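Undergrad: Handing you a structure now.
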There are 2 protein chains.
Amino acid sequence: MSVRKPTVLLLVPVYRVGEWTAAMAEAGLDAFVHGRDSYAPESIDYVLSFRPPPGLLKSLPKLKVIFSLGAGVDGFLADPEFPKHVPLVRFVDESLSTEMAQYVLLHILLVHRSQRALDDAQKESRWAQTMLPRRTQDTRVGILGLGEIGTVSARLLVELGFSVSGWSRTRKNVQGIENFSGAAALEAFLAQCDFLVCLLPLTPDTRGILNAKTFAMLPKGAYVINAARGGHVVEADVIPAIEAGQLAGATLDVFETEPLPSSSPLWRHPKVTVTPHIAAISELGPSVKMVVEGIRRHQRGEPLINVVDIARGY
Amino acid sequence: MSVRKPTVLLLVPVYRVGEWTAAMAEAGLDAFVHGRDSYAPESIDYVLSFRPPPGLLKSLPKLKVIFSLGAGVDGFLADPEFPKHVPLVRFVDESLSTEMAQYVLLHILLVHRSQRALDDAQKESRWAQTMLPRRTQDTRVGILGLGEIGTVSARLLVELGFSVSGWSRTRKNVQGIENFSGAAALEAFLAQCDFLVCLLPLTPDTRGILNAKTFAMLPKGAYVINAARGGHVVEADVIPAIEAGQLAGATLDVFETEPLPSSSPLWRHPKVTVTPHIAAISELGPSVKMVVEGIRRHQRGEPLINVVDIARGY
């Protein structure tokens, strides 16, 4: 008697469908591609997704484990019919953390070292030698969110000579930085951030945390970088804060609506850098490993790793 | 009887004359600014400079110690009349090393993460989400020169997930990277560099080390970054190597003639980033400390620190 292969429903970017189906076949799994293949809902054991269409997960009666392509799982929890009894495994990986840290470092250094102004000078063949606008040791970088990604970023920024602090909901003790925690400490934290980098999970508590009111708590001329989720930023508050001189500028990788509509004024503001949600385009290898090992563990009845606390939201 | 104050002749950038003269006065030293103050050559005890006019140092008969504003001292050794019997102290400082490392990281990440293409897409309000052209772990960065600056840069690049190697004249053992050394190993080193970063001292052996022949030893499409000295690069070879597709591009902070003449085609090539020798604009504090402490040591007859080996050139 042949054993039925475990089945996986894939909701992955179009440009990665080929790689994913090949990897699943190699692992001895039956894969269906959502929107391309037809399948019986009751035949699906596992799902891999980033932001499934609302209601889809509930329609799969035999679903055993849900795997998130991203570190953040707000795309799942936004589904009012999300099946909370099914374990949700999020993607945690060192390569994802270092890629995110690359993004944070690149965009802080672009501003800190006035590289945009140097690019403009080059266009005019102009030798614009000047000092850094602010010494590195006097430049205070605040990291909102001290999970894996925030911690790696903070540590690298310390090594690059910056003065680094971090804020987290619950107390963390990252070495070499000043640790703030809890809602009551948010204002004191923000008051000492020349750069504010958002790497929080998106939860009801953190939605809209970057807004006119919190921008006003930053030192005048602070710079904001959001590499977490679009929902963290009240987008309509960004350009007014820049125009008022409260913010020197902003670098945004994520948006309330993605792709960012071409009508958004963020695209065209000279002090806003827009990137298309590329802070971490996860490598396939570690994601495949998460799914294959997670399914193996589940099939053997072993405990799953990196299961999300649904109530907490991360 | 009053003791004569030690005298220092300053050859510093115009925009820093005020700070330097104030710092010297505070330290109880008599400072003269070259080209502004008149002074008796035999009254000068110490000199601080980066690239003194040839012959000037020889004309100071009582000169006791020469201090270099930069980590590299080729600007002194280029003077055929350099007084080799006078100790030459070079600037070695952690903040200089981290600033140089910032430059290296910024410019590698700009290329590695296709940020220039994303900037272009932003100008068109275009959401250009794509994968990294090359995975970080498969991206091989080679550091030419494993002194303080090269070592710090290498370590940070390892933490950012890159595959790092280094080359030095004499054997170094930097942990976490592949160490190449000696002229015989140069070709094998170059053959495995997707990014080549020059952080060498400029000596007769390293002058012109980046040229058509060594570019041809790199993998096709390699990217070159020079943050050391203009003399390391045969400038006329850069654009032909790019046009031939051998180099993907180059980021140059230093040039044979500085400021880079506006007639140089490097300014206008779309695959060349020109920066105006700003990889490390040293902070004043540590330089002042070097001079003040160095003079104090000399006055007390204590050994000087970071004295250059003139024969070796660094």
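Going through the structure tokens in order, the chains are called A, B, and so on, while each chain numbers its residues from 1 and the ligands are numbered from 1 in the order shown.
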How would you write, as a list of chain:residue names, the set of residues in range 71-104 of chain A that DSSP gives as helix (DSSP H, G or I)?
TA: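 Restricting range 71-104 of chain A to helix (DSSP H, G or I) produces A:Asp74, A:Gly75, A:Phe76, A:Leu77, A:Glu94, A:Ser95, A:Leu96, A:Ser97, A:Thr98, A:Glu99, A:Met100, A:Ala101, A:Gln102, A:Tyr103, A:Val104.
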Undergrad: I need the contact residues of chain B against chain A, so if you could list those with any atom within 8 Å, counting only C-alpha atoms, and return them as number ranges by chain, that would help.
TA: B: 95, 98-99, 101-102, 105-106, 109-110, 118-119, 122-123, 125-132, 135, 156, 159-161, 259-260, 262, 267-268, 273-278, 281, 283
Undergrad: Next, dump the selected residues to file, keeping only C-alpha atoms, as an mmCIF file, in the first residue's frame.
TA:
data_model
loop_
_atom_site.group_PDB
_atom_site.id
_atom_site.type_symbol
_atom_site.label_atom_id
_atom_site.label_comp_id
_atom_site.auth_asym_id
_atom_site.auth_seq_id
_atom_site.Cartn_x
_atom_site.Cartn_y
_atom_site.Cartn_z
ATOM 1 C CA SER B 95 37.740 56.193 14.277
ATOM 2 C CA THR B 98 35.744 52.625 11.083
ATOM 3 C CA GLU B 99 35.177 55.644 8.828
ATOM 4 C CA ALA B 101 35.159 50.767 6.662
ATOM 5 C CA GLN B 102 31.926 52.786 6.394
ATOM 6 C CA LEU B 105 30.588 49.018 3.096
ATOM 7 C CA LEU B 106 28.525 51.856 1.639
ATOM 8 C CA LEU B 109 26.283 47.727 -0.732
ATOM 9 C CA LEU B 110 25.308 50.401 -3.283
ATOM 10 C CA LEU B 118 16.393 51.482 -7.689
ATOM 11 C CA ASP B 119 17.069 55.240 -7.639
ATOM 12 C CA GLN B 122 12.078 55.791 -8.259
ATOM 13 C CA LYS B 123 12.551 58.685 -10.701
ATOM 14 C CA SER B 125 7.680 56.006 -9.939
ATOM 15 C CA ARG B 126 8.376 52.421 -10.931
ATOM 16 C CA TRP B 127 8.140 49.519 -8.427
ATOM 17 C CA ALA B 128 11.146 47.500 -9.581
ATOM 18 C CA GLN B 129 11.118 44.591 -7.157
ATOM 19 C CA THR B 130 13.738 42.063 -8.049
ATOM 20 C CA MET B 131 16.171 39.691 -6.422
ATOM 21 C CA LEU B 132 19.763 40.614 -5.676
ATOM 22 C CA ARG B 135 23.485 36.185 -3.440
ATOM 23 C CA LEU B 156 32.459 43.744 8.973
ATOM 24 C CA GLU B 159 29.389 39.787 9.416
ATOM 25 C CA LEU B 160 27.282 41.115 6.546
ATOM 26 C CA GLY B 161 27.385 37.670 4.956
ATOM 27 C CA PRO B 259 41.269 67.586 -6.976
ATOM 28 C CA LEU B 260 40.482 65.387 -9.975
ATOM 29 C CA SER B 262 37.209 68.508 -14.420
ATOM 30 C CA TRP B 267 33.737 62.255 -13.713
ATOM 31 C CA ARG B 268 31.307 61.592 -16.511
ATOM 32 C CA THR B 273 31.531 56.752 -8.939
ATOM 33 C CA VAL B 274 33.935 59.582 -8.105
ATOM 34 C CA THR B 275 34.158 60.817 -4.516
ATOM 35 C CA PRO B 276 36.469 63.681 -3.465
ATOM 36 C CA HIS B 277 38.948 61.881 -1.159
ATOM 37 C CA ILE B 278 36.416 61.665 1.668
ATOM 38 C CA ILE B 281 37.944 62.856 6.694
ATOM 39 C CA GLU B 283 38.113 63.718 13.059
#
Undergrad: Report as a PyMOL selection string all protein, DNA and RNA residues lying within 12 Å of Ala22 in chain B, evaluated on only C-alpha atoms, omitting residues in the same chain fewer than 2 positions from it.
TA: chain B and resi 10+16-20+24-33+284+288
Undergrad: Quick one, how far is CA of Lys62 in chain B from CA of Pro204 in chain B?
TA: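 Between CA of Lys62 in chain B and CA of Pro204 in chain B the gap works out to 29.0 Å.
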Undergrad: All in-order C-alpha pairs, least squares, chain A moved onto chain B. Output the fitted coordinates as a compact mmCIF listing (two decimals) with C-alpha atoms, in the first residue's frame, please.
TA:
# COMPACT_ATOMS: atom_id res chain seq x y z
CA MET A 1 64.14 81.77 33.33
CA SER A 2 61.23 80.93 31.07
CA VAL A 3 61.27 77.74 29.04
CA ARG A 4 60.65 78.22 25.32
CA LYS A 5 57.40 76.56 24.20
CA PRO A 6 57.74 73.79 21.60
CA THR A 7 56.86 75.07 18.12
CA VAL A 8 54.69 73.30 15.55
CA LEU A 9 54.40 74.14 11.89
CA LEU A 10 50.91 73.31 10.64
CA LEU A 11 50.16 72.35 7.03
CA VAL A 12 46.45 71.63 7.40
CA PRO A 13 43.39 72.21 5.17
CA VAL A 14 42.23 75.81 5.14
CA TYR A 15 38.86 74.91 6.67
CA ARG A 16 40.62 73.44 9.69
CA VAL A 17 43.22 76.13 10.45
CA GLY A 18 41.09 77.73 13.16
CA GLU A 19 40.46 74.50 15.01
CA TRP A 20 44.11 73.43 14.81
CA THR A 21 45.58 76.69 16.04
CA ALA A 22 43.11 76.76 18.94
CA ALA A 23 43.94 73.16 19.87
CA MET A 24 47.69 73.84 19.77
CA ALA A 25 47.35 76.96 21.92
CA GLU A 26 45.33 75.01 24.44
CA ALA A 27 48.06 72.38 24.59
CA GLY A 28 50.67 75.05 25.35
CA LEU A 29 52.36 74.85 21.95
CA ASP A 30 53.45 77.68 19.66
CA ALA A 31 51.82 77.05 16.28
CA PHE A 32 52.68 78.56 12.90
CA VAL A 33 50.45 78.10 9.89
CA HIS A 34 52.41 77.43 6.71
CA GLY A 35 51.61 79.99 4.03
CA ARG A 36 50.01 82.37 6.52
CA ASP A 37 52.50 83.03 9.32
CA SER A 38 56.14 84.00 8.99
CA TYR A 39 58.59 81.97 11.03
CA ALA A 40 62.29 81.28 11.32
CA PRO A 41 63.04 77.82 9.88
CA GLU A 42 65.42 77.02 12.72
CA SER A 43 62.69 77.71 15.29
CA ILE A 44 60.46 74.81 14.15
CA ASP A 45 60.52 71.71 16.35
CA TYR A 46 57.61 69.72 14.91
CA VAL A 47 55.61 69.57 11.70
CA LEU A 48 52.09 68.34 11.01
CA SER A 49 51.23 67.76 7.36
CA PHE A 50 49.72 65.39 4.80
CA ARG A 51 51.73 66.20 1.68
CA PRO A 52 54.34 68.91 2.36
CA PRO A 53 55.82 70.88 -0.53
CA PRO A 54 59.03 69.12 -1.65
CA GLY A 55 62.09 70.56 0.04
CA LEU A 56 60.20 72.25 2.88
CA LEU A 57 61.05 69.67 5.54
CA LYS A 58 64.72 69.68 4.63
CA SER A 59 64.75 73.46 5.15
CA LEU A 60 63.87 73.06 8.84
CA PRO A 61 67.27 72.34 10.48
CA LYS A 62 66.01 71.66 14.03
CA LEU A 63 63.06 69.46 13.10
CA LYS A 64 62.54 66.75 15.73
CA VAL A 65 59.42 64.82 14.70
CA ILE A 66 57.10 64.89 11.67
CA PHE A 67 53.44 63.99 12.17
CA SER A 68 51.28 62.72 9.31
CA LEU A 69 47.63 63.76 9.21
CA GLY A 70 46.87 60.58 7.27
CA ALA A 71 47.37 56.87 7.74
CA GLY A 72 49.37 56.79 4.48
CA VAL A 73 52.68 58.67 4.31
CA ASP A 74 53.39 58.49 0.58
CA GLY A 75 52.89 62.26 0.42
CA PHE A 76 56.01 62.65 2.56
CA LEU A 77 58.11 60.00 0.88
CA ALA A 78 57.37 61.54 -2.53
CA ASP A 79 59.65 64.42 -1.46
CA PRO A 80 63.10 63.51 -2.83
CA GLU A 81 64.65 65.65 -0.11
CA PHE A 82 62.63 64.11 2.72
CA PRO A 83 64.87 64.15 5.84
CA LYS A 84 65.00 60.43 6.55
CA HIS A 85 66.76 60.91 9.88
CA VAL A 86 63.68 62.63 11.37
CA PRO A 87 61.08 60.25 12.84
CA LEU A 88 57.83 60.26 10.86
CA VAL A 89 54.73 59.38 12.90
CA ARG A 90 51.63 58.28 11.01
CA PHE A 91 48.02 58.64 12.09
CA VAL A 92 46.53 55.39 13.34
CA ASP A 93 43.13 55.64 14.91
CA GLU A 94 40.08 53.50 15.39
CA SER A 95 37.71 56.24 14.24
CA LEU A 96 39.68 56.55 11.00
CA SER A 97 39.46 52.80 10.44
CA THR A 98 35.71 52.66 11.06
CA GLU A 99 35.15 55.68 8.79
CA MET A 100 37.08 54.00 6.01
CA ALA A 101 35.13 50.80 6.65
CA GLN A 102 31.90 52.82 6.35
CA TYR A 103 33.01 53.99 2.93
CA VAL A 104 33.87 50.46 1.82
CA LEU A 105 30.57 49.03 3.08
CA LEU A 106 28.49 51.86 1.61
CA HIS A 107 29.98 51.49 -1.85
CA ILE A 108 29.89 47.70 -1.91
CA LEU A 109 26.26 47.72 -0.75
CA LEU A 110 25.29 50.39 -3.31
CA VAL A 111 26.42 48.01 -6.06
CA HIS A 112 25.52 44.69 -4.44
CA ARG A 113 21.96 45.82 -3.78
CA SER A 114 21.48 47.61 -7.13
CA GLN A 115 20.57 50.82 -5.35
CA ARG A 116 21.48 52.99 -8.37
CA ALA A 117 18.97 51.05 -10.48
CA LEU A 118 16.37 51.42 -7.72
CA ASP A 119 17.04 55.18 -7.70
CA ASP A 120 16.42 55.26 -11.45
CA ALA A 121 13.20 53.28 -11.01
CA GLN A 122 12.05 55.73 -8.34
CA LYS A 123 12.52 58.62 -10.77
CA GLU A 124 9.93 56.87 -12.97
CA SER A 125 7.64 55.96 -10.01
CA ARG A 126 8.35 52.36 -10.97
CA TRP A 127 8.11 49.47 -8.45
CA ALA A 128 11.12 47.43 -9.61
CA GLN A 129 11.09 44.55 -7.18
CA THR A 130 13.74 42.02 -8.05
CA MET A 131 16.17 39.67 -6.42
CA LEU A 132 19.76 40.59 -5.66
CA PRO A 133 21.85 40.06 -8.81
CA ARG A 134 24.14 37.81 -6.77
CA ARG A 135 23.48 36.19 -3.43
CA THR A 136 25.51 37.70 -0.61
CA GLN A 137 27.14 34.43 0.39
CA ASP A 138 28.23 33.91 -3.23
CA THR A 139 29.67 37.42 -3.48
CA ARG A 140 33.43 37.37 -3.04
CA VAL A 141 35.03 40.54 -1.71
CA GLY A 142 38.81 40.78 -1.83
CA ILE A 143 40.65 43.33 0.28
CA LEU A 144 44.04 44.44 -1.01
CA GLY A 145 45.95 45.42 2.10
CA LEU A 146 45.29 43.96 5.54
CA GLY A 147 46.44 46.76 7.80
CA GLU A 148 44.16 48.24 10.47
CA ILE A 149 41.64 49.56 7.94
CA GLY A 150 41.60 46.44 5.77
CA THR A 151 41.14 44.19 8.76
CA VAL A 152 38.21 46.16 10.18
CA SER A 153 36.56 46.28 6.75
CA ALA A 154 37.06 42.55 6.21
CA ARG A 155 35.56 41.66 9.56
CA LEU A 156 32.44 43.78 8.98
CA LEU A 157 31.95 42.35 5.49
CA VAL A 158 32.08 38.84 6.94
CA GLU A 159 29.38 39.82 9.43
CA LEU A 160 27.27 41.13 6.55
CA GLY A 161 27.39 37.68 4.97
CA PHE A 162 29.96 38.23 2.22
CA SER A 163 32.64 35.74 1.31
CA VAL A 164 35.82 37.68 2.09
CA SER A 165 39.48 37.24 1.29
CA GLY A 166 42.50 39.47 1.71
CA TRP A 167 45.93 39.98 0.24
CA SER A 168 48.94 41.47 1.98
CA ARG A 169 52.62 41.76 1.14
CA THR A 170 53.64 39.82 4.22
CA ARG A 171 51.57 37.02 5.70
CA LYS A 172 48.62 38.15 7.88
CA ASN A 173 46.14 35.86 9.54
CA VAL A 174 42.83 37.67 9.71
CA GLN A 175 40.22 35.29 11.09
CA GLY A 176 37.17 34.37 9.06
CA ILE A 177 38.72 35.25 5.71
CA GLU A 178 41.04 33.57 3.25
CA ASN A 179 44.50 35.12 3.59
CA PHE A 180 46.72 35.47 0.53
CA SER A 181 50.20 36.99 0.72
CA GLY A 182 53.15 37.90 -1.44
CA ALA A 183 53.51 38.83 -5.08
CA ALA A 184 53.29 35.19 -6.20
CA ALA A 185 49.77 34.85 -4.73
CA LEU A 186 48.38 38.05 -6.24
CA GLU A 187 46.99 36.46 -9.39
CA ALA A 188 45.22 33.64 -7.50
CA PHE A 189 43.78 36.24 -5.13
CA LEU A 190 42.51 38.48 -7.92
CA ALA A 191 40.97 35.53 -9.78
CA GLN A 192 38.37 35.14 -7.01
CA CYS A 193 37.34 38.76 -6.35
CA ASP A 194 33.86 39.88 -7.43
CA PHE A 195 34.64 43.10 -5.58
CA LEU A 196 38.23 44.28 -5.24
CA VAL A 197 38.84 46.90 -2.56
CA CYS A 198 42.23 48.62 -2.47
CA LEU A 199 43.35 49.73 1.00
CA LEU A 200 47.11 49.36 0.48
CA PRO A 201 49.83 51.78 1.48
CA LEU A 202 51.35 53.47 -1.57
CA THR A 203 54.93 52.29 -2.01
CA PRO A 204 57.13 51.73 -5.07
CA ASP A 205 55.87 48.10 -5.02
CA THR A 206 52.17 48.99 -5.01
CA ARG A 207 52.25 52.02 -7.34
CA GLY A 208 50.05 51.29 -10.35
CA ILE A 209 49.01 47.88 -8.96
CA LEU A 210 45.51 48.38 -10.38
CA ASN A 211 46.06 48.33 -14.14
CA ALA A 212 44.87 46.63 -17.32
CA LYS A 213 46.90 43.53 -16.52
CA THR A 214 45.59 43.04 -12.98
CA PHE A 215 42.03 43.99 -14.04
CA ALA A 216 42.30 41.12 -16.54
CA MET A 217 43.11 38.73 -13.68
CA LEU A 218 39.76 39.50 -12.00
CA PRO A 219 36.61 37.54 -12.88
CA LYS A 220 34.81 39.19 -15.80
CA GLY A 221 32.40 41.81 -14.46
CA ALA A 222 34.27 42.45 -11.21
CA TYR A 223 33.86 45.78 -9.45
CA VAL A 224 36.84 47.84 -8.23
CA ILE A 225 36.89 50.23 -5.29
CA ASN A 226 39.95 52.34 -4.52
CA ALA A 227 39.98 54.14 -1.18
CA ALA A 228 43.77 54.12 -0.75
CA ARG A 229 45.80 56.43 -3.00
CA GLY A 230 45.37 57.63 -6.55
CA GLY A 231 48.82 56.28 -7.39
CA HIS A 232 47.56 52.72 -7.00
CA VAL A 233 45.43 53.00 -10.13
CA VAL A 234 46.56 53.48 -13.71
CA GLU A 235 43.64 55.80 -14.40
CA ALA A 236 43.85 55.47 -18.17
CA ASP A 237 43.15 51.72 -17.84
CA VAL A 238 39.86 52.04 -15.94
CA ILE A 239 37.37 53.12 -18.60
CA PRO A 240 38.73 50.75 -21.29
CA ALA A 241 38.33 47.82 -18.85
CA ILE A 242 34.73 48.88 -18.16
CA GLU A 243 33.94 49.39 -21.84
CA ALA A 244 35.33 45.91 -22.56
CA GLY A 245 33.05 44.44 -19.90
CA GLN A 246 35.99 43.21 -17.83
CA LEU A 247 34.98 45.55 -15.01
CA ALA A 248 31.34 46.18 -14.11
CA GLY A 249 32.37 49.55 -12.76
CA ALA A 250 34.60 51.38 -10.32
CA THR A 251 34.30 53.59 -7.27
CA LEU A 252 37.29 55.88 -6.83
CA ASP A 253 37.94 58.18 -3.90
CA VAL A 254 41.53 59.07 -4.74
CA PHE A 255 43.27 60.18 -7.93
CA GLU A 256 46.68 60.78 -9.43
CA THR A 257 45.89 64.51 -9.40
CA GLU A 258 43.61 65.90 -6.72
CA PRO A 259 41.21 67.59 -7.05
CA LEU A 260 40.44 65.37 -10.04
CA PRO A 261 40.58 67.75 -13.05
CA SER A 262 37.15 68.46 -14.50
CA SER A 263 38.52 67.29 -17.86
CA SER A 264 38.87 63.71 -16.54
CA PRO A 265 36.44 61.34 -18.29
CA LEU A 266 36.06 59.47 -14.97
CA TRP A 267 33.70 62.22 -13.77
CA ARG A 268 31.27 61.52 -16.57
CA HIS A 269 31.35 57.75 -17.02
CA PRO A 270 28.01 56.23 -15.95
CA LYS A 271 29.70 53.22 -14.34
CA VAL A 272 32.26 55.19 -12.36
CA THR A 273 31.51 56.73 -8.99
CA VAL A 274 33.90 59.55 -8.15
CA THR A 275 34.11 60.81 -4.58
CA PRO A 276 36.42 63.68 -3.52
CA HIS A 277 38.89 61.91 -1.21
CA ILE A 278 36.35 61.69 1.62
CA ALA A 279 36.58 58.01 2.57
CA ALA A 280 37.99 59.26 5.84
CA ILE A 281 37.90 62.91 6.67
CA SER A 282 39.67 62.37 9.95
CA GLU A 283 38.09 63.77 13.05
CA LEU A 284 40.18 66.48 14.64
CA GLY A 285 40.20 65.07 18.18
CA PRO A 286 42.31 61.97 17.56
CA SER A 287 44.74 63.89 15.32
CA VAL A 288 45.24 66.54 17.98
CA LYS A 289 45.81 63.80 20.52
CA MET A 290 48.44 62.19 18.28
CA VAL A 291 50.36 65.46 17.99
CA VAL A 292 50.05 66.56 21.61
CA GLU A 293 50.92 63.16 23.05
CA GLY A 294 53.68 62.62 20.50
CA ILE A 295 55.30 65.93 21.40
CA ARG A 296 54.94 65.17 25.10
CA ARG A 297 56.60 61.80 24.62
CA HIS A 298 59.40 63.33 22.62
CA GLN A 299 59.97 66.08 25.17
CA ARG A 300 60.21 63.46 27.92
CA GLY A 301 62.50 61.26 25.87
CA GLU A 302 59.95 58.46 25.68
CA PRO A 303 59.65 56.27 22.56
CA LEU A 304 57.28 57.49 19.85
CA ILE A 305 54.33 55.37 18.69
CA ASN A 306 53.45 54.49 15.06
CA VAL A 307 56.79 55.57 13.64
CA VAL A 308 56.99 54.76 9.93
CA ASP A 309 59.59 52.34 8.59
CA ILE A 310 60.90 54.65 5.87
CA ALA A 311 62.52 51.83 3.88
CA ARG A 312 59.26 49.86 3.83
CA GLY A 313 57.16 52.96 3.21
CA TYR A 314 54.46 52.44 5.88
Undergrad: If you run DSSP on the backbone, which residues of range 86-283 of chain B are strand (DSSP E), as a PyMOL selection string?
TA: chain B and resi 88-89+140-144+163-168+178-181+195-198+222-226+247-252+272-274
